[in-house]
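Here's the structure we're looking at; comments come further down.
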4 protein chains.
Amino acid sequence: MDVVEFRPTPEQYAWTFGGVPPVATVKPGTLLKLWTEDAFAGRLRTVDDLASLSLKMPDVNPQTGPFYVAGAEPGDTLAVHFVSIEPARDWAASSTIPFFGGLTGTDRTATLQPPLPERTWIYHLNSDRRTVTFAARGSEFQLELPIDPMHGTVGVAPPAREVRSSLVPDTFGGNMDTPEMRAGVTCYLGVNVEGALFSIGDGHYRQGEGESCGTAVEGAMNTTLLVELIKSGAAPAPLWPRIESDTDLMVVGSARPLEDAWRASQVAMVDWLGELLGLDRLDAYQLLTQISQCPLANVCDTNYSAVTKVAKSLLPPVRAFDGMHSYLREQAAAAS
Amino acid sequence: MDVVEFRPTPEQYAWTFGGVPPVATVKPGTLLKLWTEDAFAGRLRTVDDLASLSLKMPDVNPQTGPFYVAGAEPGDTLAVHFVSIEPARDWAASSTIPFFGGLTGTDRTATLQPPLPERTWIYHLNSDRRTVTFAARGSEFQLELPIDPMHGTVGVAPPAREVRSSLVPDTFGGNMDTPEMRAGVTCYLGVNVEGALFSIGDGHYRQGEGESCGTAVEGAMNTTLLVELIKSGAAPAPLWPRIESDTDLMVVGSARPLEDAWRASQVAMVDWLGELLGLDRLDAYQLLTQISQCPLANVCDTNYSAVTKVAKSLLPPVRAFDGMHSYLREQAAAAS
Amino acid sequence: MDVVEFRPTPEQYAWTFGGVPPVATVKPGTLLKLWTEDAFAGRLRTVDDLASLSLKMPDVNPQTGPFYVAGAEPGDTLAVHFVSIEPARDWAASSTIPFFGGLTGTDRTATLQPPLPERTWIYHLNSDRRTVTFAARGSEFQLELPIDPMHGTVGVAPPAREVRSSLVPDTFGGNMDTPEMRAGVTCYLGVNVEGALFSIGDGHYRQGEGESCGTAVEGAMNTTLLVELIKSGAAPAPLWPRIESDTDLMVVGSARPLEDAWRASQVAMVDWLGELLGLDRLDAYQLLTQISQCPLANVCDTNYSAVTKVAKSLLPPVRAFDGMHSYLREQAAAAS
Amino acid sequence: MDVVEFRPTPEQYAWTFGGVPPVATVKPGTLLKLWTEDAFAGRLRTVDDLASLSLKMPDVNPQTGPFYVAGAEPGDTLAVHFVSIEPARDWAASSTIPFFGGLTGTDRTATLQPPLPERTWIYHLNSDRRTVTFAARGSEFQLELPIDPMHGTVGVAPPAREVRSSLVPDTFGGNMDTPEMRAGVTCYLGVNVEGALFSIGDGHYRQGEGESCGTAVEGAMNTTLLVELIKSGAAPAPLWPRIESDTDLMVVGSARPLEDAWRASQVAMVDWLGELLGLDRLDAYQLLTQISQCPLANVCDTNYSAVTKVAKSLLPPVRAFDGMHSYLREQAAAAS
């Protein structure tokens, strides 16, 4: 198995999906050992570092990549399997940012009210207990919370010649910010350009669904992943990102308003279920109605993201993408 | 403990929240043993019964109630504890309905496309196995699914002199359609009028989050519940319905677009956490950002409903409404 | 011509559509001379009267009516022709209201920011010049503006047994808040209950499109209108309120998000054009695309309202509702 | 006055804002005489050319440009004055496109209904009468309509390293699709990159507000414009595109849902009015509430666009951008 290790220097950070030359070319089947900087570009390190003063816009949410996957062509599907996602520091940060977040007016949901106050929280990691500690700023309250490391951002270059900020989630993946993107899952992304040009970033030591204030427990990560390629002849590329875990099938839709993010993920799941179970669209719609789980991902980014999730335990045995997830699980086990 | 049993005749069905005289007066602490008809008013009984022909609009979603709670006044909080929710028939129905549902144009999301075809599904209950069977209509596929009985609709009379169809979810509860409304939970509703005038209906043998096609596995129910009253002096009435289970605290927001349903539930949870944990609003916002679960309820009704959910296991011991849920759990246990 | 004059006492104000007994029965063809109180129920009279202190919720937006129209049955269409709408006082008021309005967080678009400051503006009427004067509160700036009197609210009792606050716009009309509802127009409303039970209120001496801050130049009105009835056999009742002026055909849709209000009004206009011009739906869609005007009505109420408007000058001669508007224009001329 | 004439070859079409090298460098004060291809890239020429067969995605909405404006730097404001916009052909086209448009499900407002039928309309221009003729496809109906030529698309390179499809409207302008962008107006755009890199395209011989079906009367154009530069020291760059005509001040906001497009344009106008009239924000909000016009632009594109418009006739004399519009009007007159 080919193994590629890569830790970008700050000059190598990618701030966009598309528009950036690859940092390396990898063959399908390669194991990548990557380091990712946090979404603040490491600029919030104490509670005195406030976002509006410390961040250097638009240099936020740096990505590690992009990687050129040999042989990937438009119409193919990229499978990115997260073998492990581990905190790379013993602290992480979160912050309110003026006119950004789910429970404040923003540049789009434009209101005349002044912004919420800025505040930064530093979470300390206890790696033995696998916890971080929330320390309130306005009182003495502290709370130890289990970590659940994930990547807010994983994506490929967009279609239609576009270059998108790494803050954006869309059909190409990107800043979906779903807690479902944890170790053990496989993310399927449609390939839009030669080489796919995928990158990852935005590690969260933990995140609630919705990412209400706009920033999770943001931290640098050491992440190991396996990359595979499914040629267009073997399966049609998914319109929206799909995630498969040992227990669930998921689709992530991203749009505004939030119901459109949900609709996109639902229609994609109707079609996925139809294909896996041999159902017509009305039957798949009906079945989904009774078994769908819908945990929100983010309600704060440029597009909102919603997850449609179906438990495999409710279904007869299904074999998505010809068993790719199981295969990658085995490869990951063999590699460790 | 006072016990009231009530099974409405069809003439006694309530089709609205508000605007209907009470069927009975009950004292706080009463155990109610109720029967509820399904949301189709029992009119879909075979796969040949199509919604547009068999339903008699607007006579859908009949409610059992309303009950006048002695002593309830505006500003108080009603606590409705679901002791048990059990299928009252050995079958249930689901259906597509023209221009109704989450994945079709509707009277509001008005498009020029023709409606989706109508189709009705009948689910057979296996009460020993506690399952229902999905039988595809366009193929031979069948799937046995565990039941998870719940009420789509629980509510009180609305404020501001309004009378609302039982199809509507809003601050007064109503047709929230969240799978979280299962046996074992306590639902807290702000009282808007003398006597509260609560009713329940819309039993679902199971339902996915979002209720995509607009109708769950709709079935008649035998439901036992305990009703209690929290006077305004003891606690402020919640603006939005709250649900407490042994494991979780929840708020249900209902609005359009979907992000507003979410925002309403989130702001209410920020305030609830703040109150329970002694946090200021920014700290509560931050904490919620990292621990919130956001399972959707419905994306098909007049208002969409979103749930914000926090696991008690992540929190220090909290005592919502002065321990009302635990108290009702004990009362329910004593009664059985 | 029958003439009915009516000026409600405060005890006679209607605060809802539906749920209120009629103040009078009128025959089709009757001329009504009505007085309407302002939406603040006359409680804001100086710049020192602040909304949160002076208003008595939910007693806002009082309606004059409802009137029972003899012979009106569900399925019929009510035609309300505004003969004149004239200021009944020499002043009017406007105000910011905490968490209400288009450019602030609200109870639904819930954010954590504090409310905007409250401020009340009093506009003085110069009846000779037909102007009101805006007087800034934070500076010396004053601006004389032409009046353009209109009614924010005109509606009938809702369908499906509902009773709705007079703050709500929906299919039954209600609080649409469009500046198009001025003297000289005919408003067509589908009848939902025996007698139609229509009422009017919410006079604005002028209002911008969108009613941004939530309150226009709110003033008491002397309004003369003609009411007519179109039986269901003669024409199908419109799903959404329609307005006809000498120059334009209009449909008002009300929903959230705003695109759904727009979609509802557009689909209704596609069908209206198709019927008037003998076009199939695709041709009517195409034609509307090139000739539609879309002035917003309100983006602040419970539902937002959008107007789709087509200039008669662009069309061949059309005869909506068998020429009802022209007929009422003539009747109004004869009456004066 | 420098004059630059440019008619792109098909190989020179720009399909994006950003990401394309300039076709020419122009000095502020230059008169540009440009030719633009229609949004279908000239591929729909008869009613038998259907969009899904004839268009070559993503090669739609070709732009003429970009032009590098000498001296333009981030923070500056570009003023583009449209001297004349004239049909360059004697026909134009419009079309339904599967799953695109305002009154159909789309890739985002994803529904399970089949697409609307495809149909193409060809409009013939009568240049003497300055009309185009709508010819129904499903009946014999024909209707002559006055032309009102405009550009759907005018924009500069986006900020934050992004490259956006020419189908997108946003802060950088782009595919706003407002009928207000006609000859005689000045469009102000904030500069995001060195040289501004502006381009124009998407000529419409006429368009209704909302561009309901997604395509206007799409035609090639001969357009003459004047370009000027306002340095950041002289005035702050506008966050959203502004348009000034002899009679009106306008701001175009673009977002989803539609209320956010509206909110963005409104808040920008509150601030513009505040600056021009010396009003604090609450007074400007109040004044705007009473004088705002809100004609929709598009409700079909990637972002929806809404216009907030204020008639100069209602205001005391104002001098936006130090009188730039008047100056350009004079320059244009001098040039002709």
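In the structure tokens, chains take the letters A, B, ... in the order shown, each chain's residues start at 1, and ligands count up from 1 in the order shown.
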
Self-check item: Residue list for chain B near chain C as JSON, numbers by chain, 9 Å, only C-alpha atoms
Solution: {"B": [15, 16, 18, 19, 57, 58, 59, 107, 108, 109, 110, 111, 112, 159, 160, 161, 162, 163, 164, 165, 253, 254, 255, 256, 257, 259, 260, 261, 262, 263, 264, 265, 266, 267, 270, 281, 282, 285]}

Requested write-out: N, CA and C atoms of the selected residues, as a compact mmCIF listing (two decimals), in the first residue's frame:
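File part-v6.txt, as written:
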```txt
# COMPACT_ATOMS: atom_id res chain seq x y z
N TRP B 15 -61.43 19.08 15.43
CA TRP B 15 -60.63 19.28 14.22
C TRP B 15 -59.73 20.49 14.33
N THR B 16 -59.80 21.12 15.48
CA THR B 16 -59.01 22.35 15.68
C THR B 16 -58.45 22.39 17.10
N GLY B 18 -58.42 25.07 19.95
CA GLY B 18 -59.27 26.23 20.20
C GLY B 18 -60.59 26.07 19.46
N GLY B 19 -61.56 26.83 19.89
CA GLY B 19 -62.82 26.87 19.16
C GLY B 19 -63.75 25.70 19.41
N MET B 57 -62.14 16.54 3.19
CA MET B 57 -61.51 17.76 3.71
C MET B 57 -62.58 18.72 4.21
N PRO B 58 -62.31 19.49 5.28
CA PRO B 58 -61.10 19.49 6.10
C PRO B 58 -61.18 18.55 7.29
N ASP B 59 -61.96 17.48 7.18
CA ASP B 59 -62.12 16.58 8.32
C ASP B 59 -60.98 15.57 8.38
N ASP B 107 -49.41 23.85 -2.24
CA ASP B 107 -50.16 25.08 -2.48
C ASP B 107 -49.30 26.33 -2.22
N ARG B 108 -48.28 26.21 -1.39
CA ARG B 108 -47.40 27.36 -1.09
C ARG B 108 -46.13 27.30 -1.95
N THR B 109 -45.43 26.17 -1.88
CA THR B 109 -44.29 26.00 -2.77
C THR B 109 -44.90 25.63 -4.12
N ALA B 110 -45.58 26.62 -4.68
CA ALA B 110 -46.43 26.38 -5.85
C ALA B 110 -45.58 26.25 -7.10
N THR B 111 -45.73 25.14 -7.78
CA THR B 111 -45.05 24.95 -9.06
C THR B 111 -46.11 24.55 -10.09
N LEU B 112 -45.68 24.48 -11.33
CA LEU B 112 -46.62 24.18 -12.41
C LEU B 112 -46.63 22.69 -12.77
N PRO B 159 -53.03 31.15 21.58
CA PRO B 159 -53.25 32.49 22.15
C PRO B 159 -53.94 33.40 21.13
N ALA B 160 -54.19 34.61 21.55
CA ALA B 160 -54.64 35.71 20.67
C ALA B 160 -55.94 35.37 19.96
N ARG B 161 -56.82 34.65 20.67
CA ARG B 161 -58.17 34.36 20.18
C ARG B 161 -58.19 33.47 18.93
N GLU B 162 -57.05 32.88 18.56
CA GLU B 162 -57.03 32.10 17.33
C GLU B 162 -57.59 30.70 17.52
N VAL B 163 -58.06 30.15 16.42
CA VAL B 163 -58.45 28.75 16.32
C VAL B 163 -57.66 28.19 15.15
N ARG B 164 -56.90 27.13 15.41
CA ARG B 164 -56.05 26.60 14.35
C ARG B 164 -56.42 25.16 14.01
N SER B 165 -56.35 24.88 12.74
CA SER B 165 -56.54 23.51 12.26
C SER B 165 -55.59 22.56 12.99
N GLY B 253 -39.39 23.81 17.85
CA GLY B 253 -39.77 25.07 17.20
C GLY B 253 -40.49 24.78 15.90
N SER B 254 -41.45 25.61 15.54
CA SER B 254 -42.24 25.39 14.32
C SER B 254 -42.38 26.70 13.56
N ALA B 255 -41.97 26.71 12.32
CA ALA B 255 -42.01 27.93 11.50
C ALA B 255 -41.61 27.56 10.10
N ARG B 256 -41.69 28.51 9.20
CA ARG B 256 -41.08 28.43 7.88
C ARG B 256 -40.31 29.70 7.65
N PRO B 257 -39.16 29.68 6.95
CA PRO B 257 -38.51 28.48 6.46
C PRO B 257 -37.97 27.63 7.62
N GLU B 259 -35.11 26.96 8.76
CA GLU B 259 -34.10 27.50 9.68
C GLU B 259 -34.76 28.31 10.79
N ASP B 260 -35.93 28.88 10.54
CA ASP B 260 -36.60 29.62 11.60
C ASP B 260 -37.19 28.68 12.65
N ALA B 261 -37.66 27.52 12.24
CA ALA B 261 -38.10 26.52 13.21
C ALA B 261 -36.92 26.13 14.10
N TRP B 262 -35.79 25.94 13.45
CA TRP B 262 -34.56 25.58 14.17
C TRP B 262 -34.14 26.71 15.09
N ARG B 263 -34.11 27.95 14.55
CA ARG B 263 -33.67 29.08 15.38
C ARG B 263 -34.54 29.21 16.63
N ALA B 264 -35.86 29.08 16.44
CA ALA B 264 -36.76 29.22 17.59
C ALA B 264 -36.45 28.17 18.65
N SER B 265 -36.21 26.93 18.21
CA SER B 265 -35.92 25.87 19.19
C SER B 265 -34.56 26.09 19.83
N GLN B 266 -33.62 26.63 19.07
CA GLN B 266 -32.28 26.84 19.60
C GLN B 266 -32.25 27.98 20.64
N VAL B 267 -32.87 29.09 20.30
CA VAL B 267 -32.86 30.21 21.25
C VAL B 267 -33.56 29.78 22.54
N VAL B 270 -31.06 27.71 24.40
CA VAL B 270 -30.03 28.57 25.00
C VAL B 270 -30.54 29.11 26.33
N ARG B 281 -25.98 34.17 28.39
CA ARG B 281 -26.46 33.73 27.07
C ARG B 281 -25.33 33.34 26.12
N LEU B 282 -24.22 34.05 26.16
CA LEU B 282 -23.13 33.70 25.24
C LEU B 282 -22.53 32.36 25.61
N TYR B 285 -24.94 29.68 24.57
CA TYR B 285 -24.88 29.57 23.09
C TYR B 285 -23.66 28.72 22.71
```

Practice problem: Would you return as a ChimeraX atom specification the members of range 31-64 of chain C that DSSP assigns to strand (DSSP E) on this structure's backbone? | Solution: /C:31-36,63-64

Quiz item: Per DSSP on the backbone, what are the helix (DSSP H, G or I) residues of range 245-294 of chain C, as number ranges by chain?
Solution: C: 258-277, 281-291

Practice problem: Please provide as a count of residues only all residues within 6 Å of range 167-182 of chain C, with the sequence filter that same-chain residues fewer than 4 positions apart are discarded (counting only C-alpha atoms). | Solution: 16

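Across the structure, CA of Tyr13 in chain A and CA of Leu328 in chain A are spaced 27.5 Å apart.
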
Quiz item: Of the candidates A:Arg130, A:Ile147, A:Gly219, A:Leu226, which shows the shortest atom-to-atom distance to Ala333 in chain A, using only C-alpha atoms?
Solution: A:Leu226
